[in-house]
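Working notes, beginning with the structure itself.
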Amino acid sequence: MDIHYRDKKYEALGISKEVYRFGEKIEKELWERFGKIDETAEYNQLKVIEAMQKNKVCAECFSMSNGYGYNDLGRDTLERVYADCFHGEDALVRPQITCGTHALALALMSNLRPGDELLSPVGKPYDTLEEVIGIRPSKGSLAEYGVTYRQVDLLPDGGFDFEAIRQAVGERTKLVTIQRSKGYQTRPTLSVERIGELIRFVKSLKADVICMVDNCYGEFVEEREPLDVGADMIVGSLIKNAGGGLAPIGGYIVGKKECVENAAYRLTSPGLGKEVGASLNVIQSFYQGLFLAPLVVSGALKGAIFAANIYERLGFPVIPNGSESRHDIIQAITLHSPEALISFCKGIQAAAPVDSYVAPEPWAMPGYDSEVIMAAGAFVQGSSIELSADGPLKPPYNVYFQGGLTWYHAKFGILMSLQKLYEQKLVNIDMLC
């Protein structure tokens with residue numbers, strides 16, 4: 001295609017020549033790095049295909065089941081695929097798991113008992129887990145059931161506070177939860193290698209402790225997953241990385257057989273466990289989404305790196321920075337003002353294929369302690385593997401950008417976010433084009 005026509009199409013969609021030229025300059029600097037991302041995606045694609053072939057996925061696996069869901073071939077085969085793909089003993093992959101927070105709550109509540117203690121050695125968990133744990137009081141929290149909670153913050157440089165962890169692990173410590181991604185924080189995302197280092201240390205203190213990793217936003221970013229380095233459970237949402245943008249709902253728990261069985265009995269009922277739970281009419285999207293996930297994640301990862309380099313060049317603090325290694329698809333950008341945060345999100349919304357005409361506004365979202373603005377014109381509501389951005393409306397006004405089912409859409413979204421800031425005179429790119 002003549003490059004001139006591509007330029008004109010961006011212009012027709014509202015991207016000024018100044019913003020477009022700046023974006024093209026940054027993109028050209030990233031081509032070699034993008035090639036490395038494609039190599040990881042290729043490896044992970046083969047890993048998924050191998051798991052599907054090993055478990056003899058067939059057309060009958062896509063048939064809908066309803067009612068009790070007894071003997072659901074597609075559901076049972078998919079769970080074996082997940083177990084093999086992520087190197088676990090067993091897996092629970094269900095549309096009845098409504099979101100990532102539900103999957104995490106399920107894993108915690110099924111493997112903890114009254115009198116046990118939960119430990120987070122990586123600081124405060126994601127906001128919506130605060131009520132699950134009972135950090136913020138809520139009906140049905142772990143605290144109401146007599147499960148206590150202890151937290152060890154990361155060191156100022158993002159490292160593990162091994163001495164404080166040593167002191168925190170006690171006789172009642174039953175489960176250690178490790179959040180891979182940063183959530184609404186500006187700490188580094190944890191690599192699989194660092195997660196393995198932490199797990200080895202914790203298990204040297206208490207060998208029978210359960211190590212659970214919140215794997216949201218991290219699947220297929222690296223060649224290894226947390227179960228490869230000693231985790232007992234990994235937990236995630238199907239409307240993030242693992243669903244590849246096609247799963248309309250669902251979550252997963254993969255790991256040790258006993259941990260997964262406990263979760264299944266909690267999800268359904270004692271005595272029933274994994275035997276019930278119909279796959280309804282979504283099972284094919286679960287398979288096809290997993291198949292596409294490595295490619296989709298690679299596009300989202302390129303978008304995150306592009307965003308980091310765009311905004312870092314403009315002087316905004318970004319985490320991760322433009323050159324460091326990546327371990328999830330989330331890009332945090334400190335925008336310093338509510339006006340910039342809102343403009344950024346309006347740009348992401350304006351780039352969406354769905355609801356592009358809607359202007360996002362801050363609102364009191366359940367589970368959060370401040371107003372939050374969210375931009376997402378998604379095919380699946382709340383799907384953060386699709387192009388989206390959100391952030392709490394409080395200093396220092398960080399925005400968290402993620403997703404993009406294709407690299408091209410992620411690129412367009414970032415350019416549109418920059419366009420909105422440029423129009424509001426919140427950035428100056430004229431000297432950088």
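Order determines the names: the first chain of the structure tokens is A, the second B, and so forth; residues in each chain are numbered 1 upward, and ligands are numbered 1 upward as they are shown.
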
Give me, as an NGL selection string, all polymer residues having an atom no more than 6 Å from region 189-194 of chain A, counting only C-alpha atoms and skipping those fewer than 4 positions away in the same chain. :A and (180-182 or 226 or 327)

Tell me, counting only C-alpha atoms, for each residue of region 260-324 of chain A within 7 Å of region 110-115 of chain A, which pair of atoms is nearest and how far apart they are in Å to one decimal, in rows ordered by chain and increasing number, as JSON lines.
```
{"residue": "A:Asn262", "atom": "CA", "partner": "A:Ser110", "partner_atom": "CA", "distance": 5.3}
{"residue": "A:Ala263", "atom": "CA", "partner": "A:Ser110", "partner_atom": "CA", "distance": 5.1}
{"residue": "A:Arg266", "atom": "CA", "partner": "A:Ser110", "partner_atom": "CA", "distance": 5.7}
```

Of the candidates A:Lys28, A:Leu314, A:Asp38, A:Leu142, which shows the shortest atom-to-atom distance to Asp430 (chain A), using only C-alpha atoms?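 Residue with the minimum atom-to-atom distance to Asp430 (chain A): A:Leu314.
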
Near region 243-249 of chain A, within 8 Å and counting only C-alpha atoms, which residues show up once chain neighbours fewer than 3 positions away are dropped, as a PyMOL selection string? chain A and resi 95+97-99+237-240+282+285-286+288-294+296-297+380+383+385-386+405

Residues as selected, N, CA and C atoms, written as a PDB file, in the first residue's frame, can you do that?
```pdb
ATOM      1  N   PRO A  95     -17.284 -20.714  32.648  1.00  0.00           N
ATOM      2  CA  PRO A  95     -18.023 -19.458  32.474  1.00  0.00           C
ATOM      3  C   PRO A  95     -18.724 -19.028  33.755  1.00  0.00           C
ATOM      4  N   ILE A  97     -17.317 -18.679  36.519  1.00  0.00           N
ATOM      5  CA  ILE A  97     -16.400 -17.747  37.194  1.00  0.00           C
ATOM      6  C   ILE A  97     -16.540 -16.419  36.473  1.00  0.00           C
ATOM      7  N   THR A  98     -17.071 -15.422  37.161  1.00  0.00           N
ATOM      8  CA  THR A  98     -17.561 -14.232  36.471  1.00  0.00           C
ATOM      9  C   THR A  98     -16.483 -13.223  36.100  1.00  0.00           C
ATOM     10  N   CYS A  99     -15.351 -13.208  36.799  1.00  0.00           N
ATOM     11  CA  CYS A  99     -14.323 -12.209  36.539  1.00  0.00           C
ATOM     12  C   CYS A  99     -13.049 -12.612  37.276  1.00  0.00           C
ATOM     13  N   SER A 237      -8.322 -14.307  34.541  1.00  0.00           N
ATOM     14  CA  SER A 237      -9.611 -14.007  33.919  1.00  0.00           C
ATOM     15  C   SER A 237      -9.547 -14.319  32.433  1.00  0.00           C
ATOM     16  N   LEU A 238     -10.625 -14.818  31.880  1.00  0.00           N
ATOM     17  CA  LEU A 238     -10.667 -15.113  30.454  1.00  0.00           C
ATOM     18  C   LEU A 238     -10.979 -13.888  29.610  1.00  0.00           C
ATOM     19  N   ILE A 239     -11.371 -12.767  30.228  1.00  0.00           N
ATOM     20  CA  ILE A 239     -11.542 -11.553  29.431  1.00  0.00           C
ATOM     21  C   ILE A 239     -10.299 -10.667  29.535  1.00  0.00           C
ATOM     22  N   LYS A 240      -9.214 -11.292  29.971  1.00  0.00           N
ATOM     23  CA  LYS A 240      -7.900 -10.689  29.849  1.00  0.00           C
ATOM     24  C   LYS A 240      -7.107 -11.568  28.876  1.00  0.00           C
ATOM     25  N   VAL A 282     -20.601 -21.065  25.027  1.00  0.00           N
ATOM     26  CA  VAL A 282     -19.389 -20.260  24.953  1.00  0.00           C
ATOM     27  C   VAL A 282     -18.123 -21.097  24.780  1.00  0.00           C
ATOM     28  N   SER A 285     -15.641 -20.381  21.897  1.00  0.00           N
ATOM     29  CA  SER A 285     -14.904 -19.123  22.057  1.00  0.00           C
ATOM     30  C   SER A 285     -13.770 -19.285  23.070  1.00  0.00           C
ATOM     31  N   PHE A 286     -13.936 -20.156  24.056  1.00  0.00           N
ATOM     32  CA  PHE A 286     -12.861 -20.415  25.015  1.00  0.00           C
ATOM     33  C   PHE A 286     -11.668 -21.076  24.324  1.00  0.00           C
ATOM     34  N   GLN A 288     -11.019 -21.121  20.966  1.00  0.00           N
ATOM     35  CA  GLN A 288     -10.463 -20.271  19.913  1.00  0.00           C
ATOM     36  C   GLN A 288      -9.740 -19.064  20.511  1.00  0.00           C
ATOM     37  N   GLY A 289     -10.249 -18.549  21.632  1.00  0.00           N
ATOM     38  CA  GLY A 289      -9.582 -17.439  22.300  1.00  0.00           C
ATOM     39  C   GLY A 289      -8.219 -17.838  22.822  1.00  0.00           C
ATOM     40  N   LEU A 290      -8.122 -19.024  23.441  1.00  0.00           N
ATOM     41  CA  LEU A 290      -6.836 -19.514  23.915  1.00  0.00           C
ATOM     42  C   LEU A 290      -5.873 -19.700  22.751  1.00  0.00           C
ATOM     43  N   PHE A 291      -6.372 -20.216  21.629  1.00  0.00           N
ATOM     44  CA  PHE A 291      -5.544 -20.414  20.446  1.00  0.00           C
ATOM     45  C   PHE A 291      -4.960 -19.086  19.952  1.00  0.00           C
ATOM     46  N   LEU A 292      -5.760 -18.031  19.971  1.00  0.00           N
ATOM     47  CA  LEU A 292      -5.318 -16.730  19.474  1.00  0.00           C
ATOM     48  C   LEU A 292      -4.541 -15.918  20.508  1.00  0.00           C
ATOM     49  N   ALA A 293      -4.608 -16.322  21.777  1.00  0.00           N
ATOM     50  CA  ALA A 293      -4.059 -15.502  22.862  1.00  0.00           C
ATOM     51  C   ALA A 293      -2.593 -15.103  22.668  1.00  0.00           C
ATOM     52  N   PRO A 294      -1.681 -16.004  22.271  1.00  0.00           N
ATOM     53  CA  PRO A 294      -0.291 -15.562  22.114  1.00  0.00           C
ATOM     54  C   PRO A 294      -0.124 -14.419  21.117  1.00  0.00           C
ATOM     55  N   VAL A 296      -2.560 -12.223  20.180  1.00  0.00           N
ATOM     56  CA  VAL A 296      -3.226 -11.044  20.724  1.00  0.00           C
ATOM     57  C   VAL A 296      -2.362 -10.378  21.789  1.00  0.00           C
ATOM     58  N   VAL A 297      -1.774 -11.177  22.666  1.00  0.00           N
ATOM     59  CA  VAL A 297      -0.918 -10.632  23.714  1.00  0.00           C
ATOM     60  C   VAL A 297       0.291  -9.922  23.110  1.00  0.00           C
ATOM     61  N   VAL A 380     -16.587  -7.101  24.300  1.00  0.00           N
ATOM     62  CA  VAL A 380     -16.988  -7.765  25.534  1.00  0.00           C
ATOM     63  C   VAL A 380     -16.850  -6.757  26.664  1.00  0.00           C
ATOM     64  N   SER A 383     -13.658  -6.113  29.016  1.00  0.00           N
ATOM     65  CA  SER A 383     -12.558  -6.949  28.543  1.00  0.00           C
ATOM     66  C   SER A 383     -11.292  -6.118  28.428  1.00  0.00           C
ATOM     67  N   ILE A 385      -8.275  -7.149  27.730  1.00  0.00           N
ATOM     68  CA  ILE A 385      -7.348  -7.512  26.666  1.00  0.00           C
ATOM     69  C   ILE A 385      -7.682  -6.695  25.430  1.00  0.00           C
ATOM     70  N   GLU A 386      -8.886  -6.143  25.382  1.00  0.00           N
ATOM     71  CA  GLU A 386      -9.218  -5.184  24.339  1.00  0.00           C
ATOM     72  C   GLU A 386      -8.671  -3.818  24.756  1.00  0.00           C
ATOM     73  N   LEU A 405      -6.573  -5.786  20.573  1.00  0.00           N
ATOM     74  CA  LEU A 405      -6.617  -7.119  19.966  1.00  0.00           C
ATOM     75  C   LEU A 405      -5.640  -7.244  18.804  1.00  0.00           C
TER      76      LEU A 405
END
```

Can you pull out the residues contacting Gly88 (chain A)? Cut-off 9 Å, using only C-alpha atoms, and skip same-chain residues under 4 positions away; I want them as a ChimeraX atom specification. /A:82-84,227-228,232-234,254-257

Can those selected residues be exported to a file as a CSV table (one decimal), in the first residue's frame so that it contains C-alpha atoms?
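Result written to selection_24.csv:
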```csv
chain,number,residue,atom,x,y,z
A,82,TYR,CA,-5.2,-25.5,30.2
A,83,ALA,CA,-3.4,-27.9,32.7
A,84,ASP,CA,-0.9,-29.0,30.0
A,227,LEU,CA,3.8,-22.9,37.6
A,228,ASP,CA,7.2,-23.5,35.9
A,232,ASP,CA,1.0,-24.1,43.4
A,233,MET,CA,-1.8,-22.2,41.7
A,234,ILE,CA,-2.2,-19.6,39.1
A,254,VAL,CA,-4.6,-24.0,37.3
A,255,GLY,CA,-2.2,-25.8,39.5
A,256,LYS,CA,-1.9,-28.6,42.1
A,257,LYS,CA,-4.8,-31.1,41.9
```

Name the residues in contact with region 340-347 of chain A at a cut-off of 7 Å, using only C-alpha atoms, excluding same-chain residues fewer than 6 positions from it; report them as a PDB file with N, CA and C atoms, in the first residue's frame.
```pdb
ATOM      1  N   ALA A 359     -18.187   9.763  25.575  1.00  0.00           N
ATOM      2  CA  ALA A 359     -17.114  10.405  26.335  1.00  0.00           C
ATOM      3  C   ALA A 359     -17.091   9.825  27.744  1.00  0.00           C
ATOM      4  N   PRO A 360     -16.026   9.126  28.131  1.00  0.00           N
ATOM      5  CA  PRO A 360     -15.977   8.545  29.476  1.00  0.00           C
ATOM      6  C   PRO A 360     -15.890   9.628  30.545  1.00  0.00           C
ATOM      7  N   MET A 374     -12.806   5.140  33.234  1.00  0.00           N
ATOM      8  CA  MET A 374     -12.486   3.969  32.425  1.00  0.00           C
ATOM      9  C   MET A 374     -12.892   4.225  30.979  1.00  0.00           C
ATOM     10  N   ALA A 375     -12.000   3.905  30.072  1.00  0.00           N
ATOM     11  CA  ALA A 375     -12.276   4.002  28.646  1.00  0.00           C
ATOM     12  C   ALA A 375     -12.148   2.623  28.034  1.00  0.00           C
ATOM     13  N   ALA A 389      -8.211   1.845  28.937  1.00  0.00           N
ATOM     14  CA  ALA A 389      -7.378   2.638  29.838  1.00  0.00           C
ATOM     15  C   ALA A 389      -8.240   3.054  31.012  1.00  0.00           C
ATOM     16  N   ASP A 390      -7.641   3.100  32.169  1.00  0.00           N
ATOM     17  CA  ASP A 390      -8.395   3.502  33.346  1.00  0.00           C
ATOM     18  C   ASP A 390      -7.440   4.017  34.406  1.00  0.00           C
ATOM     19  N   TYR A 397      -2.372  10.977  39.552  1.00  0.00           N
ATOM     20  CA  TYR A 397      -3.135  10.859  38.309  1.00  0.00           C
ATOM     21  C   TYR A 397      -2.458   9.916  37.313  1.00  0.00           C
ATOM     22  N   VAL A 399      -2.513   6.829  34.790  1.00  0.00           N
ATOM     23  CA  VAL A 399      -3.407   6.099  33.901  1.00  0.00           C
ATOM     24  C   VAL A 399      -2.768   4.743  33.621  1.00  0.00           C
ATOM     25  N   GLY A 413      -4.916   3.763  19.087  1.00  0.00           N
ATOM     26  CA  GLY A 413      -5.412   4.239  20.375  1.00  0.00           C
ATOM     27  C   GLY A 413      -4.425   5.162  21.067  1.00  0.00           C
ATOM     28  N   MET A 416      -4.341   8.465  19.320  1.00  0.00           N
ATOM     29  CA  MET A 416      -5.532   9.263  19.616  1.00  0.00           C
ATOM     30  C   MET A 416      -5.470   9.834  21.027  1.00  0.00           C
ATOM     31  N   SER A 417      -4.896   9.080  21.975  1.00  0.00           N
ATOM     32  CA  SER A 417      -4.746   9.630  23.326  1.00  0.00           C
ATOM     33  C   SER A 417      -3.831  10.852  23.289  1.00  0.00           C
ATOM     34  N   LEU A 418      -2.754  10.745  22.520  1.00  0.00           N
ATOM     35  CA  LEU A 418      -1.830  11.862  22.378  1.00  0.00           C
ATOM     36  C   LEU A 418      -2.499  13.037  21.665  1.00  0.00           C
ATOM     37  N   LYS A 420      -5.601  13.947  21.804  1.00  0.00           N
ATOM     38  CA  LYS A 420      -6.477  14.670  22.735  1.00  0.00           C
ATOM     39  C   LYS A 420      -5.665  15.573  23.666  1.00  0.00           C
ATOM     40  N   LEU A 421      -4.527  15.090  24.140  1.00  0.00           N
ATOM     41  CA  LEU A 421      -3.682  15.923  24.996  1.00  0.00           C
ATOM     42  C   LEU A 421      -3.096  17.088  24.206  1.00  0.00           C
ATOM     43  N   LEU A 426      -1.873  20.178  26.464  1.00  0.00           N
ATOM     44  CA  LEU A 426      -1.305  19.547  27.647  1.00  0.00           C
ATOM     45  C   LEU A 426       0.041  18.893  27.353  1.00  0.00           C
TER      46      LEU A 426
END
```

From A:Thr101, A:Ser141, A:Gln45, A:Gln284, residue lying nearest Ala59 (chain A) [only C-alpha atoms]: A:Gln284

Please report, as number ranges by chain, each residue of region 201-421 of chain A to which DSSP assigns strand (DSSP E or B) when run on this structure's backbone. A: 210-214, 233-237, 251-255, 280, 318-319, 331-334, 363, 372-375, 388-392, 398-402

Can I get the selected residues back with C-alpha atoms, as a short mmCIF file (atom, residue, chain, number, x, y, z; two decimals), in the first residue's frame?
```cif
data_model
loop_
_atom_site.label_atom_id
_atom_site.label_comp_id
_atom_site.auth_asym_id
_atom_site.auth_seq_id
_atom_site.Cartn_x
_atom_site.Cartn_y
_atom_site.Cartn_z
CA ILE A 210 0.45 -22.76 49.23
CA CYS A 211 1.89 -20.19 46.81
CA MET A 212 -0.80 -18.64 44.61
CA VAL A 213 0.01 -16.23 41.77
CA ASP A 214 -2.50 -13.72 40.47
CA MET A 233 -1.81 -22.19 41.74
CA ILE A 234 -2.17 -19.55 39.05
CA VAL A 235 -5.41 -17.63 38.69
CA GLY A 236 -6.73 -15.40 35.93
CA SER A 237 -9.61 -14.01 33.92
CA GLY A 251 -11.95 -17.38 34.68
CA TYR A 252 -9.43 -20.10 35.36
CA ILE A 253 -7.49 -21.72 38.19
CA VAL A 254 -4.61 -24.04 37.25
CA GLY A 255 -2.21 -25.85 39.53
CA LEU A 280 -23.48 -23.40 27.60
CA VAL A 318 6.25 5.75 32.87
CA ILE A 319 6.37 2.28 34.46
CA GLN A 331 1.57 0.45 30.94
CA ALA A 332 1.38 3.00 33.75
CA ILE A 333 1.81 6.68 32.87
CA THR A 334 1.87 9.48 35.44
CA TRP A 363 -17.58 7.65 38.57
CA VAL A 372 -12.32 5.97 38.57
CA ILE A 373 -12.40 6.84 34.88
CA MET A 374 -12.49 3.97 32.42
CA ALA A 375 -12.28 4.00 28.65
CA SER A 388 -8.70 0.14 27.34
CA ALA A 389 -7.38 2.64 29.84
CA ASP A 390 -8.40 3.50 33.35
CA GLY A 391 -7.17 5.20 36.46
CA PRO A 392 -8.29 6.53 39.83
CA ASN A 398 -1.75 7.63 36.91
CA VAL A 399 -3.41 6.10 33.90
CA TYR A 400 -3.14 2.35 33.25
CA PHE A 401 -3.25 1.48 29.57
CA GLN A 402 -3.60 -2.07 28.34
#
```

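Taking CA of Leu301 (chain A) and CA of Gly183 (chain A) as endpoints, the distance between them is 16.5 Å.
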